[in-house]
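Source file: final_34.txt; contents: compact mmCIF, C-alpha atoms.
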# COMPACT_ATOMS: atom_id res chain seq x y z
CA MET A 1 94.53 48.90 8.30
CA TYR A 2 91.76 46.39 7.82
CA LYS A 3 93.03 44.35 10.78
CA ILE A 4 92.78 47.44 12.96
CA ALA A 5 89.17 47.97 11.89
CA GLN A 6 88.46 44.31 12.51
CA HIS A 7 89.94 44.41 16.01
CA LEU A 8 88.04 47.60 16.92
CA ALA A 9 84.80 46.17 15.57
CA TRP A 10 85.13 43.02 17.70
CA LEU A 11 85.85 45.02 20.84
CA SER A 12 83.02 47.48 20.19
CA LEU A 13 80.56 44.66 19.52
CA TRP A 14 80.91 43.34 23.08
CA ARG A 15 80.95 46.75 24.71
CA ARG A 16 77.20 46.32 25.15
CA LYS A 17 76.95 42.54 25.56
CA THR A 18 73.27 42.38 26.45
CA ARG A 19 72.21 44.42 23.45
CA SER A 20 74.35 42.41 21.04
CA LEU A 21 73.20 39.09 22.46
CA MET A 22 69.54 40.13 22.16
CA VAL A 23 69.97 40.89 18.45
CA ILE A 24 71.87 37.64 17.87
CA MET A 25 69.16 35.68 19.69
CA MET A 26 66.42 37.43 17.70
CA ILE A 27 68.08 36.55 14.37
CA ALA A 28 68.89 33.00 15.47
CA LEU A 29 65.40 32.13 16.71
CA SER A 30 63.58 33.61 13.73
CA LEU A 31 66.00 31.95 11.31
CA SER A 32 65.83 28.52 12.97
CA GLY A 33 62.03 28.66 12.96
CA LEU A 34 62.04 29.59 9.28
CA LEU A 35 64.38 26.73 8.35
CA GLY A 36 62.29 24.23 10.29
CA LEU A 37 59.04 25.38 8.69
CA GLN A 38 60.52 25.41 5.19
CA GLY A 39 61.79 21.85 5.59
CA LEU A 40 58.48 20.70 7.03
CA TYR A 41 56.39 22.28 4.28
CA ASP A 42 58.65 20.90 1.56
CA GLY A 43 58.46 17.50 3.24
CA MET A 44 54.66 17.62 3.16
CA ILE A 45 54.60 18.34 -0.57
CA THR A 46 57.29 15.73 -1.27
CA HIS A 47 55.24 13.16 0.65
CA LEU A 48 52.13 13.96 -1.39
CA ILE A 49 53.99 13.71 -4.69
CA ASN A 50 55.78 10.47 -3.77
CA THR A 51 52.56 8.90 -2.51
CA THR A 52 50.74 9.83 -5.70
CA ILE A 53 53.51 8.45 -7.88
CA ARG A 54 53.80 5.20 -5.90
CA SER A 55 50.09 4.52 -5.55
CA ASP A 56 48.74 5.65 -8.89
CA SER A 57 50.39 7.58 -11.69
CA GLY A 58 54.06 6.62 -11.59
CA GLU A 59 56.26 9.15 -13.33
CA ILE A 60 54.38 8.44 -16.58
CA SER A 61 50.98 6.92 -17.32
CA LEU A 62 49.54 5.51 -20.54
CA TYR A 63 45.85 5.78 -21.43
CA ALA A 64 43.80 5.15 -24.51
CA LYS A 65 42.67 8.23 -26.38
CA GLU A 66 39.52 9.80 -24.88
CA TYR A 67 39.47 7.43 -21.90
CA ARG A 68 40.12 10.13 -19.33
CA LEU A 69 37.25 12.21 -20.73
CA ASN A 70 34.88 9.28 -21.13
CA LYS A 71 35.73 6.38 -18.84
CA SER A 72 34.11 3.77 -21.02
CA LEU A 73 35.36 0.30 -21.86
CA ASP A 74 35.15 1.40 -25.50
CA HIS A 75 38.40 3.30 -24.89
CA ILE A 76 40.87 0.82 -23.46
CA LEU A 77 44.42 -0.32 -24.11
CA ASN A 78 44.35 -3.48 -26.19
CA PRO A 79 46.25 -5.72 -26.75
CA VAL A 80 48.43 -5.07 -23.71
CA SER A 81 51.00 -7.68 -24.71
CA HIS A 82 51.95 -5.63 -27.80
CA ILE A 83 52.33 -2.50 -25.67
CA GLU A 84 54.56 -4.38 -23.25
CA GLU A 85 56.84 -5.40 -26.10
CA LYS A 86 57.29 -1.74 -27.03
CA LEU A 87 57.90 -0.72 -23.43
CA LEU A 88 60.69 -3.26 -23.11
CA ARG A 89 62.53 -1.53 -25.95
CA VAL A 90 62.53 1.84 -24.16
CA LYS A 91 65.62 2.46 -22.03
CA GLY A 92 65.16 4.06 -18.62
CA ILE A 93 61.89 2.35 -17.60
CA LYS A 94 62.42 0.64 -14.26
CA SER A 95 59.02 -1.01 -13.78
CA TYR A 96 55.40 -0.74 -14.81
CA SER A 97 51.98 -1.71 -13.53
CA ILE A 98 49.01 -2.73 -15.66
CA ARG A 99 45.56 -1.84 -14.31
CA LEU A 100 42.00 -2.47 -15.43
CA GLN A 101 39.22 -0.50 -13.76
CA GLN A 102 35.50 0.12 -14.01
CA GLU A 103 33.16 2.38 -12.09
CA GLY A 104 30.10 0.88 -10.46
CA LEU A 105 28.25 0.33 -7.22
CA ILE A 106 29.61 -1.33 -4.09
CA ALA A 107 27.03 -2.63 -1.63
CA THR A 108 26.82 -4.24 1.78
CA ALA A 109 23.75 -5.56 3.55
CA HIS A 110 23.02 -2.08 4.89
CA LYS A 111 24.53 0.47 2.52
CA SER A 112 25.70 1.08 -1.04
CA LEU A 113 27.99 3.67 -2.60
CA GLY A 114 29.55 4.53 -5.95
CA ALA A 115 33.09 3.21 -6.22
CA THR A 116 35.79 2.09 -8.66
CA LEU A 117 36.87 -1.53 -8.96
CA LYS A 118 40.49 -1.94 -10.04
CA GLY A 119 42.17 -5.08 -11.26
CA ILE A 120 45.87 -5.20 -10.38
CA SER A 121 48.77 -7.59 -9.96
CA LEU A 122 50.01 -7.58 -6.38
CA GLU A 123 53.51 -8.56 -7.51
CA SER A 124 53.69 -5.76 -10.07
CA GLU A 125 52.35 -3.17 -7.62
CA GLN A 126 54.87 -4.27 -5.04
CA THR A 127 57.75 -3.77 -7.48
CA PHE A 128 56.17 -0.58 -8.77
CA GLY A 129 55.59 1.27 -5.50
CA GLN A 130 55.87 -1.08 -2.50
CA PHE A 131 52.10 -1.21 -2.33
CA ASP A 132 52.09 -3.46 0.73
CA THR A 133 53.36 -0.58 2.88
CA PHE A 134 49.92 1.03 2.54
CA THR A 135 48.22 -1.90 4.30
CA THR A 136 46.86 -0.82 7.70
CA LYS A 137 44.66 -3.84 8.48
CA GLY A 138 44.49 -7.40 7.23
CA THR A 139 46.96 -8.82 4.74
CA TYR A 140 48.35 -7.74 1.41
CA SER A 141 46.72 -10.55 -0.56
CA PHE A 142 43.55 -11.57 -2.35
CA GLY A 143 43.13 -14.70 -0.28
CA GLU A 144 42.45 -18.20 -1.57
CA LYS A 145 41.49 -18.45 -5.24
CA ASN A 146 41.65 -14.62 -5.52
CA LYS A 147 38.28 -14.26 -3.79
CA GLY A 148 39.44 -11.40 -1.58
CA ALA A 149 39.81 -7.67 -2.19
CA LEU A 150 41.73 -4.68 -0.83
CA ILE A 151 39.76 -1.53 -0.09
CA GLY A 152 40.61 2.11 0.59
CA SER A 153 40.45 3.09 4.25
CA ALA A 154 38.03 6.00 3.79
CA LEU A 155 35.64 3.87 1.71
CA ALA A 156 35.81 1.06 4.27
CA LYS A 157 34.95 3.55 7.00
CA LYS A 158 31.94 4.85 5.08
CA LEU A 159 30.62 1.31 4.61
CA ASN A 160 31.58 0.16 8.14
CA LEU A 161 33.65 -2.68 6.71
CA GLU A 162 36.12 -4.83 8.60
CA ILE A 163 38.43 -7.66 7.56
CA GLY A 164 36.28 -10.56 6.37
CA SER A 165 33.25 -8.41 5.51
CA ARG A 166 31.42 -9.45 2.36
CA VAL A 167 30.54 -6.90 -0.32
CA ILE A 168 29.02 -7.00 -3.80
CA PHE A 169 30.21 -4.87 -6.68
CA THR A 170 27.92 -4.20 -9.66
CA ALA A 171 28.99 -2.69 -13.00
CA GLN A 172 28.63 -2.95 -16.76
CA ASP A 173 30.94 -5.27 -18.67
CA VAL A 174 32.35 -4.72 -22.16
CA ASN A 175 29.04 -5.93 -23.69
CA ASN A 176 27.05 -3.40 -21.63
CA GLU A 177 25.60 -6.22 -19.55
CA ILE A 178 25.13 -5.66 -15.82
CA ASN A 179 27.36 -8.02 -13.85
CA SER A 180 27.91 -8.50 -10.14
CA ILE A 181 30.83 -9.92 -8.25
CA SER A 182 31.06 -10.88 -4.58
CA PHE A 183 34.21 -10.88 -2.47
CA ARG A 184 35.44 -10.57 1.10
CA ILE A 185 37.71 -7.80 2.36
CA SER A 186 41.19 -9.19 2.98
CA GLY A 187 43.00 -5.90 3.59
CA ILE A 188 42.42 -2.19 4.15
CA LEU A 189 44.78 0.33 2.51
CA LYS A 190 45.63 3.91 3.43
CA THR A 191 47.67 5.31 0.55
CA GLY A 192 47.41 9.00 1.41
CA ASN A 193 45.89 9.56 -2.03
CA PRO A 194 42.28 10.68 -1.37
CA ALA A 195 41.12 9.56 -4.83
CA LEU A 196 42.09 5.97 -3.97
CA ASP A 197 41.29 5.86 -0.27
CA GLU A 198 37.76 7.22 -0.71
CA ASN A 199 36.76 5.44 -3.89
CA SER A 200 38.78 2.34 -4.77
CA VAL A 201 38.53 -1.41 -4.35
CA PHE A 202 41.34 -3.63 -5.63
CA VAL A 203 40.94 -7.18 -6.92
CA SER A 204 43.16 -9.51 -8.93
CA MET A 205 43.62 -8.76 -12.62
CA GLU A 206 42.39 -12.26 -13.52
CA LYS A 207 39.17 -11.75 -11.55
CA MET A 208 38.63 -8.32 -13.06
CA SER A 209 39.17 -9.55 -16.63
CA GLN A 210 36.60 -12.31 -16.12
CA PHE A 211 34.14 -9.87 -14.55
CA LEU A 212 34.33 -7.47 -17.51
CA ASN A 213 34.65 -10.21 -20.18
CA LEU A 214 37.95 -8.76 -21.38
CA LYS A 215 41.27 -10.31 -22.28
CA ASP A 216 44.70 -8.77 -22.61
CA SER A 217 43.27 -5.33 -21.86
CA ALA A 218 43.93 -2.42 -19.50
CA THR A 219 42.67 1.06 -18.80
CA GLN A 220 46.00 2.35 -17.48
CA ILE A 221 49.66 1.40 -17.59
CA ALA A 222 51.74 3.31 -15.04
CA LEU A 223 55.51 3.52 -15.46
CA ARG A 224 58.39 4.15 -13.07
CA VAL A 225 61.63 5.52 -14.50
CA GLU A 226 65.18 4.94 -13.28
CA ASP A 227 66.17 8.61 -13.45
CA THR A 228 63.45 11.20 -12.84
CA GLU A 229 65.46 13.81 -14.76
CA GLN A 230 64.94 11.69 -17.89
CA THR A 231 61.15 11.61 -17.51
CA GLU A 232 60.42 14.11 -20.29
CA LYS A 233 62.85 12.41 -22.65
CA ILE A 234 61.20 9.02 -22.06
CA GLN A 235 57.77 10.60 -22.48
CA LYS A 236 58.72 11.97 -25.90
CA GLU A 237 60.10 8.61 -26.97
CA LEU A 238 56.92 6.84 -25.87
CA ARG A 239 54.74 9.32 -27.71
CA LYS A 240 56.56 8.51 -30.94
CA SER A 241 56.15 4.74 -30.55
CA LEU A 242 52.63 4.87 -29.09
CA GLU A 243 50.98 7.48 -31.27
CA ASN A 244 47.42 6.32 -30.60
CA MET A 245 47.72 6.72 -26.83
CA GLU A 246 47.91 9.46 -24.26
CA VAL A 247 51.33 9.55 -22.58
CA LEU A 248 51.15 11.83 -19.54
CA ARG A 249 53.55 12.72 -16.75
CA TRP A 250 52.42 12.78 -13.13
CA ASP A 251 52.45 16.58 -13.02
CA GLU A 252 50.10 16.67 -16.02
CA LEU A 253 47.74 14.26 -14.30
CA TYR A 254 47.90 16.04 -10.94
CA PRO A 255 48.39 19.78 -11.65
CA LEU A 256 47.02 20.58 -8.19
CA LEU A 257 50.19 19.19 -6.62
CA ILE A 258 52.30 21.57 -8.72
CA GLN A 259 50.08 24.47 -7.66
CA MET A 260 50.47 23.48 -4.02
CA ARG A 261 54.24 23.35 -4.44
CA ASP A 262 54.24 26.80 -6.06
CA ILE A 263 52.13 28.18 -3.21
CA MET A 264 54.61 26.77 -0.70
CA GLU A 265 57.46 28.45 -2.56
CA ILE A 266 55.64 31.79 -2.39
CA PHE A 267 55.03 31.23 1.30
CA ASN A 268 58.73 30.47 1.85
CA LEU A 269 59.73 33.66 0.02
CA ALA A 270 57.34 35.65 2.21
CA SER A 271 58.88 34.01 5.28
CA TYR A 272 62.37 34.96 4.12
CA ALA A 273 61.17 38.52 3.60
CA ILE A 274 59.99 38.57 7.22
CA VAL A 275 63.35 37.28 8.46
CA PHE A 276 65.07 39.84 6.23
CA ILE A 277 63.05 42.67 7.79
CA VAL A 278 63.56 41.36 11.34
CA ALA A 279 67.32 41.06 10.86
CA ALA A 280 67.61 44.44 9.14
CA LEU A 281 65.59 46.29 11.78
CA GLY A 282 67.39 44.56 14.65
CA ILE A 283 70.87 45.29 13.34
CA PHE A 284 69.85 48.78 12.20
CA GLY A 285 68.62 49.68 15.67
CA VAL A 286 71.77 48.44 17.34
CA MET A 287 74.11 50.10 14.88
CA LEU A 288 72.24 53.42 14.88
CA VAL A 289 72.30 53.65 18.68
CA SER A 290 75.93 52.49 18.73
CA VAL A 291 77.00 55.15 16.24
CA LEU A 292 75.11 57.92 18.04
CA GLU A 293 76.57 56.85 21.40
CA ARG A 294 80.10 56.88 20.00
CA MET A 295 79.80 59.99 17.84
CA ARG A 296 82.42 61.80 19.95
CA GLU A 297 84.72 58.77 19.76
CA PHE A 298 84.47 58.60 15.98
CA SER A 299 84.96 62.35 15.72
CA ILE A 300 88.21 62.18 17.68
CA MET A 301 89.42 59.33 15.46
CA LEU A 302 88.65 61.38 12.34
CA ALA A 303 90.15 64.54 13.82
CA ILE A 304 93.51 62.92 14.54
CA GLY A 305 93.76 61.72 10.96
CA THR A 306 92.15 58.29 11.00
CA PRO A 307 90.87 57.63 7.45
CA TYR A 308 87.10 57.55 7.14
CA LYS A 309 87.53 54.15 5.45
CA ILE A 310 88.68 52.57 8.74
CA VAL A 311 85.70 53.98 10.66
CA ARG A 312 83.35 52.85 7.92
CA ASP A 313 84.86 49.37 7.82
CA GLN A 314 84.61 49.13 11.60
CA ILE A 315 80.87 49.84 11.55
CA ILE A 316 80.24 47.46 8.63
CA LEU A 317 82.24 44.73 10.38
CA GLU A 318 80.31 45.21 13.62
CA ALA A 319 77.04 44.76 11.76
CA SER A 320 78.46 41.83 9.78
CA LEU A 321 79.63 40.08 12.93
CA LEU A 322 76.19 40.48 14.50
CA GLY A 323 74.53 39.07 11.39
CA PHE A 324 77.05 36.26 10.94
CA ILE A 325 76.93 35.07 14.55
CA GLY A 326 73.12 35.24 14.44
CA PHE A 327 73.09 33.29 11.19
CA MET A 328 75.46 30.60 12.49
CA ALA A 329 73.42 30.16 15.67
CA GLY A 330 70.16 30.07 13.70
CA ALA A 331 71.58 27.69 11.09
CA PHE A 332 72.79 25.33 13.80
CA LEU A 333 69.44 25.33 15.63
CA GLY A 334 67.60 24.98 12.31
CA TRP A 335 69.82 22.07 11.28
CA ILE A 336 69.15 20.31 14.60
CA SER A 337 65.39 20.79 14.21
CA LEU A 338 65.48 19.58 10.58
CA ILE A 339 67.47 16.49 11.53
CA TYR A 340 64.92 15.69 14.23
CA MET A 341 61.88 16.30 12.02
CA SER A 342 63.33 14.33 9.11
CA THR A 343 63.93 11.25 11.28
CA ALA A 344 61.37 11.27 14.09
CA GLY A 345 58.79 13.42 12.32
CA ILE A 346 56.08 15.61 13.84
CA ASP A 347 53.15 13.71 15.34
CA LEU A 348 49.89 15.36 14.23
CA ARG A 349 47.57 12.44 14.87
CA SER A 350 45.24 14.70 16.84
CA PHE A 351 44.50 16.41 13.50
CA GLU A 352 44.52 13.18 11.50
CA ALA A 353 40.93 13.44 10.23
CA GLY A 354 41.48 16.89 8.76
CA LEU A 355 44.87 16.05 7.29
CA GLU A 356 43.55 12.92 5.56
CA MET A 357 41.07 15.04 3.61
CA TYR A 358 44.01 16.61 1.77
CA GLY A 359 46.16 13.49 1.57
CA TYR A 360 48.62 14.47 4.29
CA SER A 361 50.13 11.94 6.64
CA ALA A 362 49.49 12.21 10.38
CA ILE A 363 53.27 11.99 10.89
CA MET A 364 55.01 14.81 9.03
CA TYR A 365 58.65 14.47 7.98
CA ALA A 366 60.85 17.37 6.92
CA ASP A 367 63.17 17.68 3.93
CA ILE A 368 66.74 18.96 4.27
CA HIS A 369 68.42 20.84 1.42
CA LEU A 370 71.60 22.91 1.29
CA TYR A 371 69.84 25.78 -0.49
CA TYR A 372 67.78 26.45 2.67
CA PHE A 373 70.93 27.65 4.39
CA LEU A 374 72.25 29.49 1.34
CA GLN A 375 69.01 31.46 1.01
CA ALA A 376 69.08 32.24 4.73
CA PHE A 377 72.71 33.40 4.53
CA PHE A 378 72.05 35.81 1.66
CA ALA A 379 68.92 37.14 3.39
CA VAL A 380 70.92 37.96 6.54
CA PHE A 381 73.89 39.24 4.49
CA PHE A 382 71.82 41.77 2.53
CA ALA A 383 69.90 42.73 5.65
CA THR A 384 73.23 43.50 7.33
CA LEU A 385 74.42 45.71 4.46
CA LEU A 386 71.11 47.53 4.33
CA SER A 387 71.07 48.18 8.07
CA VAL A 388 74.30 50.25 8.11
CA ILE A 389 73.46 52.61 5.26
CA TRP A 390 71.70 55.21 7.41
CA PRO A 391 74.20 55.17 10.33
CA LEU A 392 77.05 55.62 7.81
CA ARG A 393 75.23 58.55 6.18
CA ILE A 394 74.95 60.24 9.57
CA LEU A 395 78.63 59.67 10.30
CA LYS A 396 79.65 60.93 6.86
CA LYS A 397 77.94 64.28 7.41
CA ILE A 398 79.37 65.13 10.84
CA LYS A 399 81.95 67.83 11.49
CA PRO A 400 84.43 66.25 13.92
CA ILE A 401 85.65 69.47 15.58
CA GLN A 402 82.14 70.71 16.30
CA VAL A 403 81.15 67.33 17.73
CA ILE A 404 84.24 67.25 19.97
CA GLN A 405 83.43 70.78 21.23
CA GLY A 406 79.90 69.68 21.98
CA LYS A 407 78.35 72.09 19.52
CA MET A 408 76.84 69.38 17.28
CA LEU A 409 75.65 65.89 18.10

Could you quickly redo this structure as structure tokens?
Amino acid sequence: MYKIAQHLAWLSLWRRKTRSLMVIMMIALSLSGLLGLQGLYDGMITHLINTTIRSDSGEISLYAKEYRLNKSLDHILNPVSHIEEKLLRVKGIKSYSIRLQQEGLIATAHKSLGATLKGISLESEQTFGQFDTFTTKGTYSFGEKNKGALIGSALAKKLNLEIGSRVIFTAQDVNNEINSISFRISGILKTGNPALDENSVFVSMEKMSQFLNLKDSATQIALRVEDTEQTEKIQKELRKSLENMEVLRWDELYPLLIQMRDIMEIFNLASYAIVFIVAALGIFGVMLVSVLERMREFSIMLAIGTPYKIVRDQIILEASLLGFIGFMAGAFLGWISLIYMSTAGIDLRSFEAGLEMYGYSAIMYADIHLYYFLQAFFAVFFATLLSVIWPLRILKKIKPIQVIQGKML
């Protein structure tokens, strides 16, 4: 009996080809656009998170107590060598980067601005987050005798600096004495992290330690873990062995990124609701008109003894076939668009200035996840079931003989 209903549903579906194709096209186009946007938005957030982790926080960062509230050299990690010994005992840590920073004033012959000078190891940063990939001009080095510096692209633009430009940085050392250091710009970095690009200058750790009169000290130690799912476990272990320090995950340091991700999830749910409504209304309209057009046909089937179950199954199958074909077409188009955007990306360089303010890249790449298609399938599936409720209620209430006689439509 079910095969009969299935066969009748397939034939009835193509009785009005244009109408059926319009509904399928409507579902497919709206669904493919939704999948593409969801992948693109998720890719934007993933890019921001990965950039932040690679350029600054890692999955976990260590700070001295009170340093983040009062960025004074009175609150630093010391001695670093002892901390390193403890880190080596913790399983799951892939790499770490030791940094020493101080806020001060950077000046050229024509302009000065507040900035942060950071002492780093180029080798450690390369292992930590492939820091050289952020270099847009110059070289990833500190030049001969570590006399060079790397500078954030936004800060370099504010100061009109080019490769080879000389700048002077002034700040207090550990003894509260005002010191100055001069260096030439050897490279310009664009990390995608606004806090670094607009405010940071990077010099060698040796140079920074001499400038601040410090030894074996750091203001931050950023850690990368082998398995991100073990981040919380490693954090708890570190807190036990390093009780006098702050041990913070990246999401605790950058809660705004989590909020942005949550907002994107809400936006995606709203988008799915729109697709749900579009699919439901489209299929509902087709099925309602189809049932009303064939009311006499269904009445004859019921009058000659056809079980209502077969008629009901036929209508549900018609709607299901419309939804399924629309979903398959939309999923295929969405998959093609996601493949393209995940490899070639979307070029938004015409909006580069505005995007950089929020840390976005001018070339956007999409993410691809299986759950995109599962969510879309269930949205279309439930929309299909919802769309046939009213037409089936109308059919359930008819009196076949009266309809056949033309007394009731």

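Selecting by distance to (58.0, -2.3, -10.8) with a limit of 9 Å and using only C-alpha atoms, one obtains Lys94, Ser95, Tyr96, Ser97, Glu123, Ser124, Glu125, Gln126, Thr127, Phe128, Gly129, Gln130, Leu223 and Arg224 of chain A.
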
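Of the residues under consideration (A:Asn213, A:Leu281, A:Ile221, A:Phe373), A:Phe373 shows the shortest atom-to-atom contact distance to Gly334 of chain A when counting only C-alpha atoms.
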
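Proximity to Ile346 of chain A was assessed for A:Ile181, A:Gly43, A:Lys111, A:Arg16 counting all atoms listed in the file; the smallest distance is recorded for A:Gly43.
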
Option closest in space to Leu62 of chain A, from A:Ala28, A:Phe169, A:Glu246, A:Lys147 [counting all atoms listed in the file]: A:Glu246

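Remark: for Arg89 of chain A, the closest of the candidate residues A:Leu77, A:Leu238, A:Leu269, A:Leu117 is A:Leu238 (distances computed over all atoms listed in the file).
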
With distances taken over only C-alpha atoms, the candidate from A:Ile310, A:Leu292, A:Ile363, A:Leu370 nearest Leu395 of chain A is A:Leu292

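Of note, atom CA of Pro307 of chain A and atom CA of Leu392 of chain A are spaced 14.0 Å apart.
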
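As for atom CA of Ala107 of chain A and atom CA of Tyr63 of chain A, they are spaced 28.6 Å apart.
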
Contacts of Leu189 of chain A at 7 Å (only C-alpha atoms; same-chain gap of 6+ positions) as a count of residues only: 7

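From atom CA of Ala379 of chain A back to atom CA of Phe332 of chain A, the distance works out to 16.2 Å.
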
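Taking all atoms listed in the file into account, Ile93 of chain A lies nearest to A:Ile60 out of the set A:Ala273, A:Met22, A:Ile60, A:Leu113.
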
Please list as a PyMOL selection string every residue within 9 Å of Thr139 of chain A, counting only C-alpha atoms and excluding residues in the same chain fewer than 4 positions away. chain A and resi 132+135+143+150+186-188
